[in-house]
Amino acid sequence: MSIGEMPYSLVYGTDAVIPVGEPSLRYFRESEPQNGDSRRQELDEVGKRRDMAYVRMVAQKQQAERYYNKSAKIRPLKVEDYMVKAKTQASKDTREGKLGTNWDDLYKITAAASKGSFTLETVEGKRLPNNWNITHLKYFNF
């Protein structure tokens with residue numbers, strides 16, 4: 001993702017020129033007063049070029065954000081919703097093998113602890129000791 005400008009030109013207001021071998025015909029035709037005028041004009045325009053580069057950069061970030069948000073699943077969860085919790089590697093039964101269940105029993109959300117994390121309790125009313133992130137929860141439909 002390019003902003004269309006070279007970093008050198010955004011900082012110094014002109015393109016970098018690396019002299020290689022003999023000077024070019026363009027170099028010989030340049031006169032000192034004409035070179036000074038063109039340099040001042042480039043420096044006057046560097047602010048516009050920086051602004052346009054910034055606008056393109058912001059537009060690219062917004063495009064990437066739209067692309068990401070298009071595929072993101074928004075799951076508004078609230079207190080009293082029923083969830084199933086993903087089994088952790090430690091809580092999986094090794095005798096079940098790879099065909100065992102990936103989700104624990106049914107749980108109810110009792111409180112929203114922070115952004116994206118919830119306090120859970122079992123159906124019997126026993127509170128789980130830790131908060132659980134939304135990535136480990138799946139909404140349960142009755």
# chains A, B, ... in the order shown; residues from 1 in each chain; ligands from 1
$ residues_around --residues "region 114-117 of chain A" --least-positions-apart "4" --cutoff "9 Å" --atoms "only C-alpha atoms" --output "list in words"
Asn131, Trp132, Asn133, Ile134 and Thr135 of chain A
$ write_last_selection --atoms "N, CA, C and O atoms" --output "PDB file, in the first residue's frame"
ATOM      1  N   ASN A 131     -13.183 -14.732  34.934  1.00  0.00           N
ATOM      2  CA  ASN A 131     -13.952 -14.121  33.852  1.00  0.00           C
ATOM      3  C   ASN A 131     -13.562 -14.800  32.548  1.00  0.00           C
ATOM      4  O   ASN A 131     -12.425 -15.251  32.388  1.00  0.00           O
ATOM      5  N   TRP A 132     -14.482 -14.813  31.580  1.00  0.00           N
ATOM      6  CA  TRP A 132     -14.235 -15.472  30.304  1.00  0.00           C
ATOM      7  C   TRP A 132     -14.405 -14.484  29.171  1.00  0.00           C
ATOM      8  O   TRP A 132     -15.364 -13.721  29.126  1.00  0.00           O
ATOM      9  N   ASN A 133     -13.466 -14.526  28.232  1.00  0.00           N
ATOM     10  CA  ASN A 133     -13.491 -13.647  27.076  1.00  0.00           C
ATOM     11  C   ASN A 133     -14.527 -14.145  26.079  1.00  0.00           C
ATOM     12  O   ASN A 133     -14.808 -15.339  25.985  1.00  0.00           O
ATOM     13  N   ILE A 134     -15.062 -13.225  25.304  1.00  0.00           N
ATOM     14  CA  ILE A 134     -16.109 -13.547  24.330  1.00  0.00           C
ATOM     15  C   ILE A 134     -15.623 -14.535  23.264  1.00  0.00           C
ATOM     16  O   ILE A 134     -16.410 -15.278  22.695  1.00  0.00           O
ATOM     17  N   THR A 135     -14.310 -14.575  23.023  1.00  0.00           N
ATOM     18  CA  THR A 135     -13.791 -15.498  22.008  1.00  0.00           C
ATOM     19  C   THR A 135     -13.941 -16.948  22.436  1.00  0.00           C
ATOM     20  O   THR A 135     -13.906 -17.841  21.596  1.00  0.00           O
TER      21      THR A 135
END
$ closest_residue --among "A:Val58, A:Val123, A:Leu99, A:Met6" --to "Val46 (chain A)" --atoms "only C-alpha atoms"
A:Met6
$ select_by_dssp --residues "region 16-114 of chain A" --states "alpha helix (DSSP H)" --output "VMD selection string"
chain A and resid 25 to 29 32 to 71
$ write_last_selection --atoms "N, CA and C atoms" --output "compact mmCIF listing (two decimals), in the first residue's frame"
# COMPACT_ATOMS: atom_id res chain seq x y z
N LEU A 25 22.31 15.52 -20.07
CA LEU A 25 21.99 16.69 -20.87
C LEU A 25 21.07 17.63 -20.10
N ARG A 26 20.16 17.04 -19.33
CA ARG A 26 19.25 17.83 -18.52
C ARG A 26 20.04 18.67 -17.51
N TYR A 27 21.06 18.11 -16.94
CA TYR A 27 21.89 18.81 -15.96
C TYR A 27 22.62 20.00 -16.61
N PHE A 28 23.12 19.80 -17.82
CA PHE A 28 23.85 20.88 -18.51
C PHE A 28 22.93 22.02 -18.91
N ARG A 29 21.69 21.73 -19.26
CA ARG A 29 20.76 22.78 -19.70
C ARG A 29 20.25 23.63 -18.54
N GLU A 32 21.57 28.43 -13.24
CA GLU A 32 21.49 28.71 -11.80
C GLU A 32 20.20 29.44 -11.42
N PRO A 33 19.81 30.54 -12.08
CA PRO A 33 18.56 31.23 -11.68
C PRO A 33 17.33 30.35 -11.92
N GLN A 34 17.33 29.63 -13.02
CA GLN A 34 16.20 28.76 -13.33
C GLN A 34 16.11 27.63 -12.29
N ASN A 35 17.23 27.12 -11.87
CA ASN A 35 17.27 26.06 -10.87
C ASN A 35 16.74 26.57 -9.53
N GLY A 36 17.12 27.80 -9.16
CA GLY A 36 16.63 28.39 -7.91
C GLY A 36 15.13 28.59 -7.92
N ASP A 37 14.59 29.05 -9.06
CA ASP A 37 13.14 29.26 -9.17
C ASP A 37 12.39 27.94 -9.05
N SER A 38 12.87 26.91 -9.75
CA SER A 38 12.18 25.62 -9.70
C SER A 38 12.27 25.02 -8.30
N ARG A 39 13.39 25.24 -7.62
CA ARG A 39 13.56 24.73 -6.25
C ARG A 39 12.58 25.41 -5.30
N ARG A 40 12.41 26.74 -5.42
CA ARG A 40 11.46 27.46 -4.57
C ARG A 40 10.02 27.00 -4.84
N GLN A 41 9.72 26.75 -6.10
CA GLN A 41 8.38 26.28 -6.45
C GLN A 41 8.13 24.89 -5.85
N GLU A 42 9.12 24.00 -5.90
CA GLU A 42 8.97 22.67 -5.30
C GLU A 42 8.77 22.77 -3.79
N LEU A 43 9.51 23.67 -3.15
CA LEU A 43 9.37 23.84 -1.71
C LEU A 43 8.00 24.41 -1.33
N ASP A 44 7.44 25.28 -2.20
CA ASP A 44 6.10 25.81 -1.95
C ASP A 44 5.05 24.70 -2.06
N GLU A 45 5.27 23.74 -2.94
CA GLU A 45 4.29 22.69 -3.18
C GLU A 45 4.45 21.49 -2.24
N VAL A 46 5.53 21.44 -1.46
CA VAL A 46 5.76 20.27 -0.62
C VAL A 46 4.67 20.13 0.44
N GLY A 47 4.13 21.22 0.94
CA GLY A 47 3.04 21.15 1.92
C GLY A 47 1.81 20.48 1.34
N LYS A 48 1.47 20.83 0.09
CA LYS A 48 0.33 20.21 -0.58
C LYS A 48 0.58 18.72 -0.79
N ARG A 49 1.81 18.38 -1.18
CA ARG A 49 2.14 16.97 -1.40
C ARG A 49 2.05 16.18 -0.10
N ARG A 50 2.50 16.76 1.00
CA ARG A 50 2.39 16.09 2.30
C ARG A 50 0.94 15.89 2.69
N ASP A 51 0.12 16.93 2.48
CA ASP A 51 -1.31 16.82 2.80
C ASP A 51 -1.98 15.74 1.97
N MET A 52 -1.68 15.70 0.69
CA MET A 52 -2.28 14.67 -0.18
C MET A 52 -1.81 13.27 0.22
N ALA A 53 -0.55 13.14 0.59
CA ALA A 53 -0.03 11.84 1.04
C ALA A 53 -0.74 11.41 2.32
N TYR A 54 -0.98 12.36 3.22
CA TYR A 54 -1.70 12.05 4.46
C TYR A 54 -3.13 11.62 4.17
N VAL A 55 -3.80 12.31 3.25
CA VAL A 55 -5.17 11.95 2.88
C VAL A 55 -5.22 10.55 2.30
N ARG A 56 -4.25 10.21 1.42
CA ARG A 56 -4.22 8.86 0.84
C ARG A 56 -3.95 7.81 1.92
N MET A 57 -3.08 8.13 2.88
CA MET A 57 -2.78 7.19 3.95
C MET A 57 -4.02 6.93 4.82
N VAL A 58 -4.76 7.98 5.17
CA VAL A 58 -5.97 7.82 5.97
C VAL A 58 -7.02 7.02 5.19
N ALA A 59 -7.15 7.28 3.89
CA ALA A 59 -8.11 6.55 3.06
C ALA A 59 -7.76 5.06 3.01
N GLN A 60 -6.47 4.74 2.91
CA GLN A 60 -6.06 3.33 2.90
C GLN A 60 -6.38 2.65 4.23
N LYS A 61 -6.17 3.36 5.33
CA LYS A 61 -6.49 2.79 6.64
C LYS A 61 -7.99 2.57 6.78
N GLN A 62 -8.79 3.50 6.31
CA GLN A 62 -10.24 3.34 6.37
C GLN A 62 -10.70 2.18 5.50
N GLN A 63 -10.07 2.00 4.34
CA GLN A 63 -10.42 0.89 3.47
C GLN A 63 -10.09 -0.44 4.15
N ALA A 64 -8.93 -0.53 4.80
CA ALA A 64 -8.57 -1.76 5.50
C ALA A 64 -9.53 -2.01 6.66
N GLU A 65 -9.94 -0.96 7.35
CA GLU A 65 -10.89 -1.10 8.46
C GLU A 65 -12.25 -1.60 7.96
N ARG A 66 -12.73 -1.04 6.85
CA ARG A 66 -14.00 -1.49 6.27
C ARG A 66 -13.92 -2.95 5.86
N TYR A 67 -12.80 -3.35 5.26
CA TYR A 67 -12.62 -4.73 4.84
C TYR A 67 -12.66 -5.67 6.04
N TYR A 68 -11.99 -5.28 7.12
CA TYR A 68 -11.97 -6.12 8.32
C TYR A 68 -13.36 -6.17 8.96
N ASN A 69 -14.01 -5.03 9.12
CA ASN A 69 -15.31 -4.97 9.78
C ASN A 69 -16.39 -5.68 8.98
N LYS A 70 -16.20 -5.81 7.68
CA LYS A 70 -17.18 -6.49 6.85
C LYS A 70 -17.29 -7.96 7.24
N SER A 71 -16.17 -8.57 7.63
CA SER A 71 -16.18 -9.99 7.97
C SER A 71 -16.25 -10.24 9.47
$ closest_residue --among "A:Phe140, A:Lys85, A:Ala90, A:Glu5" --to "Leu128 (chain A)" --atoms "only C-alpha atoms"
A:Lys85
$ residues_around --residues "Trp103 (chain A)" --least-positions-apart "6" --cutoff "8 Å" --atoms "only C-alpha atoms" --output "list in words"
Val84, Lys85, Ala86 and Lys87 of chain A
$ write_last_selection --atoms "N, CA, C and O atoms" --output "CSV table (one decimal), in the first residue's frame"
chain,number,residue,atom,x,y,z
A,84,VAL,N,-22.4,-21.5,25.8
A,84,VAL,CA,-21.5,-22.7,26.0
A,84,VAL,C,-20.1,-22.2,25.9
A,84,VAL,O,-19.8,-21.3,25.2
A,85,LYS,N,-19.2,-22.8,26.8
A,85,LYS,CA,-17.9,-22.3,26.9
A,85,LYS,C,-16.9,-23.3,26.2
A,85,LYS,O,-17.1,-24.5,26.3
A,86,ALA,N,-15.9,-22.8,25.5
A,86,ALA,CA,-15.0,-23.7,24.9
A,86,ALA,C,-14.2,-24.4,25.9
A,86,ALA,O,-13.8,-23.9,26.9
A,87,LYS,N,-13.9,-25.7,25.6
A,87,LYS,CA,-13.1,-26.5,26.5
A,87,LYS,C,-11.6,-26.0,26.3
A,87,LYS,O,-11.2,-25.8,25.2
$ residues_around --residues "Ile109 (chain A)" --least-positions-apart "2" --cutoff "10 Å" --atoms "only C-alpha atoms" --output "ChimeraX atom specification"
/A:77-83,107,111-112,118-122,127,132
$ write_last_selection --atoms "all heavy atoms" --output "CSV table (one decimal), in the first residue's frame"
chain,number,residue,atom,x,y,z
A,77,LEU,N,-23.8,-9.5,23.6
A,77,LEU,CA,-24.3,-10.4,24.6
A,77,LEU,C,-24.7,-9.5,25.8
A,77,LEU,O,-24.2,-8.4,26.1
A,77,LEU,CB,-23.1,-11.3,25.0
A,77,LEU,CG,-22.5,-12.1,23.9
A,77,LEU,CD1,-21.4,-12.9,24.4
A,77,LEU,CD2,-23.6,-13.1,23.3
A,78,LYS,N,-25.7,-10.1,26.5
A,78,LYS,CA,-26.2,-9.3,27.7
A,78,LYS,C,-26.3,-10.3,28.9
A,78,LYS,O,-26.3,-11.5,28.7
A,78,LYS,CB,-27.5,-8.6,27.4
A,78,LYS,CG,-28.5,-9.5,26.8
A,78,LYS,CD,-29.7,-8.6,26.3
A,78,LYS,CE,-30.8,-9.4,25.7
A,78,LYS,NZ,-30.5,-10.0,24.4
A,79,VAL,N,-26.5,-9.8,30.0
A,79,VAL,CA,-26.7,-10.6,31.2
A,79,VAL,C,-28.0,-11.4,31.1
A,79,VAL,O,-29.0,-11.0,30.4
A,79,VAL,CB,-26.8,-9.6,32.5
A,79,VAL,CG1,-27.2,-10.4,33.7
A,79,VAL,CG2,-25.6,-8.8,32.7
A,80,GLU,N,-27.9,-12.6,31.6
A,80,GLU,CA,-29.0,-13.6,31.5
A,80,GLU,C,-29.0,-14.4,30.2
A,80,GLU,O,-29.9,-15.3,30.0
A,80,GLU,CB,-30.4,-13.0,31.7
A,80,GLU,CG,-30.6,-12.2,33.0
A,80,GLU,CD,-30.5,-13.2,34.3
A,80,GLU,OE1,-31.0,-14.3,34.2
A,80,GLU,OE2,-29.9,-12.7,35.3
A,81,ASP,N,-28.1,-14.1,29.3
A,81,ASP,CA,-28.0,-15.0,28.1
A,81,ASP,C,-27.3,-16.3,28.5
A,81,ASP,O,-26.5,-16.3,29.4
A,81,ASP,CB,-27.1,-14.3,27.0
A,81,ASP,CG,-27.9,-13.2,26.2
A,81,ASP,OD1,-29.1,-13.2,26.3
A,81,ASP,OD2,-27.2,-12.5,25.5
A,82,TYR,N,-27.7,-17.3,27.8
A,82,TYR,CA,-27.0,-18.6,28.0
A,82,TYR,C,-26.0,-18.9,26.9
A,82,TYR,O,-26.2,-18.6,25.8
A,82,TYR,CB,-28.1,-19.7,28.0
A,82,TYR,CG,-29.0,-19.7,29.2
A,82,TYR,CD1,-30.2,-19.0,29.2
A,82,TYR,CD2,-28.6,-20.4,30.3
A,82,TYR,CE1,-30.9,-19.0,30.4
A,82,TYR,CE2,-29.3,-20.4,31.5
A,82,TYR,CZ,-30.5,-19.7,31.5
A,82,TYR,OH,-31.3,-19.7,32.6
A,83,MET,N,-24.8,-19.4,27.4
A,83,MET,CA,-23.7,-19.7,26.6
A,83,MET,C,-23.1,-21.1,26.8
A,83,MET,O,-23.4,-21.7,27.8
A,83,MET,CB,-22.6,-18.7,26.9
A,83,MET,CG,-23.0,-17.2,27.0
A,83,MET,SD,-23.6,-16.6,25.5
A,83,MET,CE,-22.2,-16.6,24.5
A,107,TYR,N,-23.8,-22.4,30.4
A,107,TYR,CA,-23.6,-21.4,31.4
A,107,TYR,C,-24.4,-20.2,31.2
A,107,TYR,O,-24.9,-20.0,30.1
A,107,TYR,CB,-22.1,-21.0,31.4
A,107,TYR,CG,-21.1,-22.1,31.8
A,107,TYR,CD1,-20.6,-22.9,30.8
A,107,TYR,CD2,-20.8,-22.4,33.1
A,107,TYR,CE1,-19.7,-23.9,31.1
A,107,TYR,CE2,-20.0,-23.4,33.4
A,107,TYR,CZ,-19.4,-24.2,32.4
A,107,TYR,OH,-18.6,-25.2,32.7
A,111,ALA,N,-22.7,-11.2,34.7
A,111,ALA,CA,-22.2,-9.8,34.7
A,111,ALA,C,-21.2,-9.6,33.6
A,111,ALA,O,-20.5,-10.5,33.2
A,111,ALA,CB,-21.6,-9.4,36.1
A,112,ALA,N,-21.2,-8.4,33.1
A,112,ALA,CA,-20.1,-8.0,32.1
A,112,ALA,C,-19.0,-7.4,32.9
A,112,ALA,O,-19.1,-6.3,33.5
A,112,ALA,CB,-20.7,-7.0,31.1
A,118,PHE,N,-16.8,-11.7,30.5
A,118,PHE,CA,-18.0,-11.9,31.2
A,118,PHE,C,-17.8,-12.8,32.4
A,118,PHE,O,-16.9,-13.7,32.4
A,118,PHE,CB,-19.1,-12.5,30.3
A,118,PHE,CG,-19.5,-11.6,29.2
A,118,PHE,CD1,-18.8,-11.8,27.9
A,118,PHE,CD2,-20.4,-10.6,29.3
A,118,PHE,CE1,-19.1,-11.0,26.9
A,118,PHE,CE2,-20.7,-9.8,28.2
A,118,PHE,CZ,-20.1,-10.0,27.0
A,119,THR,N,-18.6,-12.7,33.4
A,119,THR,CA,-18.7,-13.6,34.6
A,119,THR,C,-19.8,-14.6,34.3
A,119,THR,O,-20.9,-14.2,33.9
A,119,THR,CB,-19.0,-12.8,35.9
A,119,THR,OG1,-18.0,-11.8,36.0
A,119,THR,CG2,-18.9,-13.7,37.1
A,120,LEU,N,-19.5,-15.9,34.5
A,120,LEU,CA,-20.4,-16.9,34.2
A,120,LEU,C,-20.8,-17.7,35.5
A,120,LEU,O,-20.0,-17.7,36.4
A,120,LEU,CB,-19.8,-17.9,33.2
A,120,LEU,CG,-19.3,-17.3,31.9
A,120,LEU,CD1,-18.7,-18.4,31.0
A,120,LEU,CD2,-20.5,-16.7,31.1
A,121,GLU,N,-21.9,-18.3,35.4
A,121,GLU,CA,-22.3,-19.3,36.4
A,121,GLU,C,-23.0,-20.5,35.8
A,121,GLU,O,-23.5,-20.4,34.6
A,121,GLU,CB,-23.2,-18.6,37.5
A,121,GLU,CG,-24.6,-18.3,37.0
A,121,GLU,CD,-25.5,-17.8,38.1
A,121,GLU,OE1,-25.0,-17.2,39.1
A,121,GLU,OE2,-26.7,-17.8,37.9
A,122,THR,N,-23.0,-21.6,36.4
A,122,THR,CA,-23.6,-22.8,35.9
A,122,THR,C,-25.1,-22.7,36.0
A,122,THR,O,-25.6,-21.8,36.6
A,122,THR,CB,-23.1,-24.1,36.6
A,122,THR,OG1,-23.5,-23.9,38.0
A,122,THR,CG2,-21.6,-24.2,36.5
A,127,ARG,N,-21.0,-20.0,40.7
A,127,ARG,CA,-20.3,-19.0,39.9
A,127,ARG,C,-18.9,-19.6,39.5
A,127,ARG,O,-18.2,-20.2,40.4
A,127,ARG,CB,-20.1,-17.8,40.7
A,127,ARG,CG,-19.5,-16.6,40.0
A,127,ARG,CD,-19.5,-15.4,40.9
A,127,ARG,NE,-18.8,-14.3,40.3
A,127,ARG,CZ,-17.5,-14.0,40.5
A,127,ARG,NH1,-16.8,-14.7,41.3
A,127,ARG,NH2,-17.0,-13.0,39.8
A,132,TRP,N,-14.5,-14.8,31.6
A,132,TRP,CA,-14.2,-15.5,30.3
A,132,TRP,C,-14.4,-14.5,29.2
A,132,TRP,O,-15.4,-13.7,29.1
A,132,TRP,CB,-15.2,-16.7,30.1
A,132,TRP,CG,-14.8,-17.8,31.1
A,132,TRP,CD1,-15.3,-17.9,32.4
A,132,TRP,CD2,-13.9,-18.8,30.8
A,132,TRP,NE1,-14.7,-19.0,32.9
A,132,TRP,CE2,-13.8,-19.6,32.0
A,132,TRP,CE3,-13.1,-19.2,29.7
A,132,TRP,CZ2,-13.0,-20.7,32.1
A,132,TRP,CZ3,-12.3,-20.3,29.9
A,132,TRP,CH2,-12.3,-21.0,31.0
$ select_by_dssp --residues "chain A" --states "strand (DSSP E)" --output "JSON, numbers by chain"
{"A": [82, 83, 84, 85, 86, 103, 104, 105, 106, 107, 108, 109, 110, 111, 112, 113, 114, 117, 118, 119, 120, 121, 122, 127, 128, 129, 130, 131, 132, 133, 137, 138, 139]}
$ atom_distance --atom1 "CA of Lys126 (chain A)" --atom2 "CA of Arg95 (chain A)"
26.8 Å
